[in-house]
Amino acid sequence: MAEQRQEPQEVRGAGGGTRKARAEEADAWAELVDTARRTVTEGLVVGTSGNVSVRVGDTVLVTPSGVPYDRLTPDDVTGVDLRGRQVLGTLVPTSELPMHLTVYGSTDARAVVHTHAVHATAVSTLVPELPAIHYMTSALGGPVRVAPYATYGTDELAENMLHALAGRSACLLQNHGTITYGDTLAQAYDRTAQLEWMCHLWLTARAVPNLTPTLLTETQLAEVTERLRGYGQRA
């Protein structure tokens with residue numbers, strides 16, 4: 001459970017200005033740090049690779065560049081506005097900020113998770129789209145596309161990602177990794193984990209000599225999509 005903060009925290013913004021992090025921002029930062037650490041402990045990233053963000057109002061809290069997640073503290077809260085101008089903290093935001101801001105500017109996302117998950121990255125080098133190996137493909141909006149390679153941190157990569165995300169909540173980044181978004185950090189993370197699992201499943205199945213994996217049809221995926229609308233507990 002994320003650490004609860006009762007008092008706003010004062011942080012120093014770009015240009016030497018200061019403002020207090022609101023209570024909801026401080027709580028969201030604690031959850032963001034927990035999520036970032038989880039990407040490491042569960043093997044989705046190595047070191048400081050990958051990044052996580054969450055939107056609170058018009059502020060995007062994001063992991064800073066090059067700082068090990070286990071060293072992040074409440075005092076390290078890092079945030080930008082929707083144009084990328086730093087409004088919270090003094091640590092430099094992740095170099096992948098263009099991807100995060102593009103997602104927020106083009107979808108209703110409230111959280112974004114980017115990883116370098118091994119099996120997903122491997123799949124991104126083999127095919128233009130993850131084959132429909134499992135019905136949970138439908139939970140991500142359909143077969144997951146691969147965004148063409150571009151240098152990390154560039155507008156070109158963000159644009160390629162955006163095309164690959166059309167109608168989806170996840171995509172693969174060629175020779176790079178994954179990106180997913182959701183209504184919450186928990187949902188975005190779960191989608192990342194699900195994507196990595198499906199990539200692992202497909203690689204395992206296709207590695208069996210002289211056999212070809214059975215894939216789901218569009219009709220079968222559509223049936224699952226309909227069933228998923230009523231999945232889970234009702235309020």
# chains A, B, ... in the order shown; residues from 1 in each chain; ligands from 1

$ closest_atom_pairs --of "stretch 78-131 of chain A" --to "stretch 202-223 of chain A" --cutoff "12 Å" --atoms "only C-alpha atoms" --output "tab-separated table"
residue	atom	partner	partner_atom	distance
A:Val118	CA	A:Leu203	CA	11.1
A:His119	CA	A:Leu203	CA	7.6
A:Ala120	CA	A:Leu203	CA	9.3
A:Thr121	CA	A:Leu203	CA	11.2
A:Ala122	CA	A:Leu203	CA	8.6
A:Val123	CA	A:Leu203	CA	7.5
A:Ser124	CA	A:Leu203	CA	11.3
A:Thr125	CA	A:Leu203	CA	11.8
A:Leu126	CA	A:Leu203	CA	10.0
A:Val127	CA	A:Leu203	CA	11.3
A:Glu129	CA	A:Trp202	CA	11.6
A:Leu130	CA	A:Trp202	CA	8.2
A:Pro131	CA	A:Leu215	CA	6.9

$ residues_around --residues "A:Pro68" --least-positions-apart "6" --cutoff "9 Å" --atoms "only C-alpha atoms" --output "ChimeraX atom specification"
/A:37,47-48

$ write_last_selection --atoms "C-alpha atoms" --output "PDB file, in the first residue's frame"
ATOM      1  CA  ARG A  37      10.370  -0.395  -7.874  1.00  0.00           C
ATOM      2  CA  GLY A  47      18.753  -0.681 -13.321  1.00  0.00           C
ATOM      3  CA  THR A  48      17.212   2.674 -14.225  1.00  0.00           C
TER       4      THR A  48
END

$ closest_residue --among "A:Pro128, A:Gly153, A:Gly50, A:Gly141" --to "A:Tyr69" --atoms "only C-alpha atoms"
A:Gly50

$ atom_distance --atom1 "atom CA of A:Ala147" --atom2 "atom CA of A:Gln174"
5.8 Å

$ closest_residue --among "A:Ser95, A:Thr115, A:Thr107, A:Thr41" --to "A:Gly177" --atoms "only C-alpha atoms"
A:Thr115
